[in-house]
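Chemist: Here it is, the structure, as structure tokens.
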Amino acid sequence: QVQLVESGGGLVQPGESLRLSCAASRSIFSIYRMGWYRQAPGKQRELVATLTVDSTTTYVDSVKGRFTISRDNAKNTVYLQMNSLKPEDTAVYYCYADIMSAAYWGQGTQVTVSS
């Protein structure tokens, strides 16, 4: 079991950057997969990026080349670096952890990209 707390969201202009953080309540060293989903108003939750225990990463096509997922095991934290943000990236971003095929979620952090 794990508790996840996201931070780092906010309001930015198109082209700017944000870094989201997901702090876990326990060691993430052995967690099989962690990642980020997002949900925009009126849309289904979308998988944005994942990072597995062997450091394999995946990204949804719309963020490839702009977003980077990483983790700091010493800080029990997963990050999502988001560059060149677009208005269509506006959503609530949720961190998740896959532990023994059970999914754990954070409460979400709002990202708004608007001029």
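Ordered as shown in the structure tokens, chains take letters A, B, and onward, while each chain numbers its residues from 1 and ligands are numbered from 1 in the order shown.
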What's around Leu20 in chain A at 8 Å? Count only C-alpha atoms, leave out sequence neighbours fewer than 4 positions away in its own chain, and write the answer as a PDB file with C-alpha atoms, in the first residue's frame.
Modeler:
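This went into selection_23.pdb:
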ATOM      1  CA  GLU A   6       1.082  15.376  -6.197  1.00  0.00           C
ATOM      2  CA  SER A   7       2.336  18.941  -6.356  1.00  0.00           C
ATOM      3  CA  GLY A   8       3.667  21.428  -8.867  1.00  0.00           C
ATOM      4  CA  GLY A   9       0.579  22.233 -10.888  1.00  0.00           C
ATOM      5  CA  TYR A  79       8.501  13.638 -11.510  1.00  0.00           C
ATOM      6  CA  LEU A  80       6.877  14.732 -14.733  1.00  0.00           C
ATOM      7  CA  GLN A  81       8.831  17.472 -16.486  1.00  0.00           C
ATOM      8  CA  MET A  82       6.512  19.186 -18.941  1.00  0.00           C
TER       9      MET A  82
END
Chemist: Skip Gly108 in chain A itself and residues of its chain fewer than 6 positions away, then list as a PyMOL selection string all residues within 7 Å of it, counting only C-alpha atoms.
Modeler: chain A and resi 6+92-95
Chemist: So that I can see what lies close to Gly35 in chain A, please list as a PyMOL selection string the residues with an atom at most 9 Å from it, counting only C-alpha atoms and leaving out residues fewer than 4 positions away in the same chain.
Modeler: chain A and resi 47-52+69+78-80+94-98
Chemist: Give me, as number ranges by chain, the residues of chain A that a backbone DSSP run labels strand (DSSP E or B).
Modeler: A: 4-7, 10-12, 18-24, 33-39, 46-52, 57-59, 67-72, 77-82, 91-99, 102-105, 109-113
Chemist: Quick one: everything within 10 Å of Pro87 in chain A, counting only C-alpha atoms, minus sequence neighbours fewer than 5 positions away in the same chain. Send it as an mmCIF file with N, CA, C and O atoms, in the first residue's frame.
Modeler:
data_model
loop_
_atom_site.group_PDB
_atom_site.id
_atom_site.type_symbol
_atom_site.label_atom_id
_atom_site.label_comp_id
_atom_site.auth_asym_id
_atom_site.auth_seq_id
_atom_site.Cartn_x
_atom_site.Cartn_y
_atom_site.Cartn_z
ATOM 1 N N VAL A 12 0.056 28.366 -16.407
ATOM 2 C CA VAL A 12 1.189 28.825 -17.204
ATOM 3 C C VAL A 12 0.707 29.216 -18.583
ATOM 4 O O VAL A 12 -0.397 28.851 -19.005
ATOM 5 N N GLN A 13 1.567 29.955 -19.302
ATOM 6 C CA GLN A 13 1.248 30.341 -20.668
ATOM 7 C C GLN A 13 1.760 29.269 -21.639
ATOM 8 O O GLN A 13 2.668 28.502 -21.314
ATOM 9 N N PRO A 14 1.173 29.209 -22.826
ATOM 10 C CA PRO A 14 1.667 28.262 -23.835
ATOM 11 C C PRO A 14 3.160 28.428 -24.070
ATOM 12 O O PRO A 14 3.667 29.572 -24.126
ATOM 13 N N GLY A 15 3.847 27.296 -24.187
ATOM 14 C CA GLY A 15 5.285 27.315 -24.404
ATOM 15 C C GLY A 15 6.109 27.241 -23.136
ATOM 16 O O GLY A 15 7.317 26.983 -23.200
ATOM 17 N N VAL A 111 -3.334 21.494 -13.843
ATOM 18 C CA VAL A 111 -2.440 22.196 -14.763
ATOM 19 C C VAL A 111 -3.314 22.935 -15.767
ATOM 20 O O VAL A 111 -4.154 22.333 -16.426
ATOM 21 N N THR A 112 -3.117 24.238 -15.855
ATOM 22 C CA THR A 112 -3.871 25.059 -16.788
ATOM 23 C C THR A 112 -2.896 25.816 -17.672
ATOM 24 O O THR A 112 -2.012 26.510 -17.170
ATOM 25 N N VAL A 113 -3.054 25.640 -18.978
ATOM 26 C CA VAL A 113 -2.190 26.313 -19.946
ATOM 27 C C VAL A 113 -3.062 27.274 -20.739
ATOM 28 O O VAL A 113 -3.926 26.867 -21.507
ATOM 29 N N SER A 114 -2.825 28.556 -20.524
ATOM 30 C CA SER A 114 -3.684 29.554 -21.140
ATOM 31 C C SER A 114 -2.948 30.871 -21.255
ATOM 32 O O SER A 114 -2.148 31.236 -20.383
ATOM 33 N N SER A 115 -3.242 31.596 -22.345
ATOM 34 C CA SER A 115 -2.657 32.920 -22.507
ATOM 35 C C SER A 115 -3.600 33.987 -21.970
ATOM 36 O O SER A 115 -3.287 35.170 -22.022
#
Chemist: Identify, on the basis of only C-alpha atoms, every residue whose closest approach to Phe29 in chain A does not exceed 10 Å; exclude the query and any residue fewer than 3 positions from it along the same chain; express the result as a PyMOL selection string.
Modeler: chain A and resi 26+32+53+71-74+76-77
Chemist: Restricted to N, CA and C atoms, what would the selected residues look like written as a PDB file, in the first residue's frame?
Modeler:
ATOM      1  N   ARG A  26       6.135   5.616   0.957  1.00  0.00           N
ATOM      2  CA  ARG A  26       7.053   4.509   1.218  1.00  0.00           C
ATOM      3  C   ARG A  26       8.082   4.466   0.095  1.00  0.00           C
ATOM      4  N   TYR A  32       6.624  -1.701  -9.146  1.00  0.00           N
ATOM      5  CA  TYR A  32       6.775  -2.173 -10.526  1.00  0.00           C
ATOM      6  C   TYR A  32       6.612  -1.043 -11.551  1.00  0.00           C
ATOM      7  N   VAL A  53      10.014  -0.449 -13.153  1.00  0.00           N
ATOM      8  CA  VAL A  53      11.113  -0.644 -12.218  1.00  0.00           C
ATOM      9  C   VAL A  53      12.457  -0.804 -12.941  1.00  0.00           C
ATOM     10  N   ARG A  71      12.384   9.490 -11.786  1.00  0.00           N
ATOM     11  CA  ARG A  71      12.154   9.273 -10.359  1.00  0.00           C
ATOM     12  C   ARG A  71      13.450   9.418  -9.574  1.00  0.00           C
ATOM     13  N   ASP A  72      13.286   9.763  -8.334  1.00  0.00           N
ATOM     14  CA  ASP A  72      14.393   9.863  -7.395  1.00  0.00           C
ATOM     15  C   ASP A  72      14.074   8.887  -6.262  1.00  0.00           C
ATOM     16  N   ASN A  73      14.700   7.730  -6.284  1.00  0.00           N
ATOM     17  CA  ASN A  73      14.395   6.716  -5.274  1.00  0.00           C
ATOM     18  C   ASN A  73      14.743   7.188  -3.860  1.00  0.00           C
ATOM     19  N   ALA A  74      15.792   8.000  -3.746  1.00  0.00           N
ATOM     20  CA  ALA A  74      16.199   8.477  -2.425  1.00  0.00           C
ATOM     21  C   ALA A  74      15.137   9.385  -1.799  1.00  0.00           C
ATOM     22  N   ASN A  76      11.870   9.117  -2.748  1.00  0.00           N
ATOM     23  CA  ASN A  76      10.564   8.453  -2.941  1.00  0.00           C
ATOM     24  C   ASN A  76       9.627   9.318  -3.778  1.00  0.00           C
ATOM     25  N   THR A  77      10.148   9.896  -4.831  1.00  0.00           N
ATOM     26  CA  THR A  77       9.393  10.855  -5.625  1.00  0.00           C
ATOM     27  C   THR A  77       9.530  10.555  -7.115  1.00  0.00           C
TER      28      THR A  77
END
Chemist: Just the number, please: distance in Å from CA of Gly10 in chain A to CA of Lys64 in chain A, one decimal.
Modeler: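 For CA of Gly10 in chain A relative to CA of Lys64 in chain A, the distance reads 21.1 Å.
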Chemist: Which one is closest to Asn83 in chain A: A:Met100, A:Val5, A:Val63, A:Met34? Count only C-alpha atoms.
Modeler: A:Val63
Chemist: Kindly indicate which residue among A:Gln107, A:Ser21, A:Ser55, A:Gln3 lies nearest to Lys75 in chain A, using only C-alpha atoms for the distances.
Modeler: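 So, comparing all the options, the nearest one is A:Ser21.
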Chemist: Which parts of chain A does DSSP call helix (DSSP H, G or I) when run on the backbone here, written out as a short mmCIF file (atom, residue, chain, number, x, y, z; two decimals) with N, CA, C and O atoms, in the first residue's frame?
Modeler:
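So out20.cif came out as:
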data_model
loop_
_atom_site.label_atom_id
_atom_site.label_comp_id
_atom_site.auth_asym_id
_atom_site.auth_seq_id
_atom_site.Cartn_x
_atom_site.Cartn_y
_atom_site.Cartn_z
N ASP A 61 1.41 9.65 -27.44
CA ASP A 61 2.02 10.32 -28.60
C ASP A 61 2.00 11.84 -28.49
O ASP A 61 2.93 12.52 -28.90
N SER A 62 0.94 12.37 -27.91
CA SER A 62 0.77 13.83 -27.89
C SER A 62 1.79 14.55 -27.01
O SER A 62 1.93 15.77 -27.11
N VAL A 63 2.52 13.82 -26.15
CA VAL A 63 3.49 14.48 -25.27
C VAL A 63 4.92 14.05 -25.56
O VAL A 63 5.86 14.57 -24.94
N ASN A 73 14.70 7.73 -6.28
CA ASN A 73 14.40 6.72 -5.27
C ASN A 73 14.74 7.19 -3.86
O ASN A 73 14.07 6.83 -2.90
N ALA A 74 15.79 8.00 -3.75
CA ALA A 74 16.20 8.48 -2.43
C ALA A 74 15.14 9.38 -1.80
O ALA A 74 15.01 9.45 -0.57
N LYS A 75 14.38 10.07 -2.65
CA LYS A 75 13.34 10.98 -2.16
C LYS A 75 11.94 10.36 -2.27
O LYS A 75 10.95 11.03 -1.96
N PRO A 87 -2.25 24.53 -24.73
CA PRO A 87 -3.57 24.61 -24.08
C PRO A 87 -4.23 23.24 -23.94
O PRO A 87 -4.94 23.01 -22.94
N GLU A 88 -3.99 22.36 -24.88
CA GLU A 88 -4.60 21.03 -24.81
C GLU A 88 -3.99 20.15 -23.73
O GLU A 88 -4.49 19.04 -23.49
N ASP A 89 -2.93 20.60 -23.08
CA ASP A 89 -2.39 19.88 -21.93
C ASP A 89 -3.13 20.22 -20.64
O ASP A 89 -2.86 19.60 -19.60
#
Chemist: For a test of reading the model, state the distance in Å between CA of Ala102 in chain A and CA of Cys22 in chain A, rounded to one decimal.
Modeler: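 Pair CA of Ala102 in chain A / CA of Cys22 in chain A returns 17.6 Å.
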Chemist: List as number ranges by chain the protein and nucleic acid residues near Lys43 in chain A, meaning an atom at most 10 Å away when only C-alpha atoms are counted, but skip any in the same chain fewer than 4 places from it.
Modeler: A: 38-39, 91
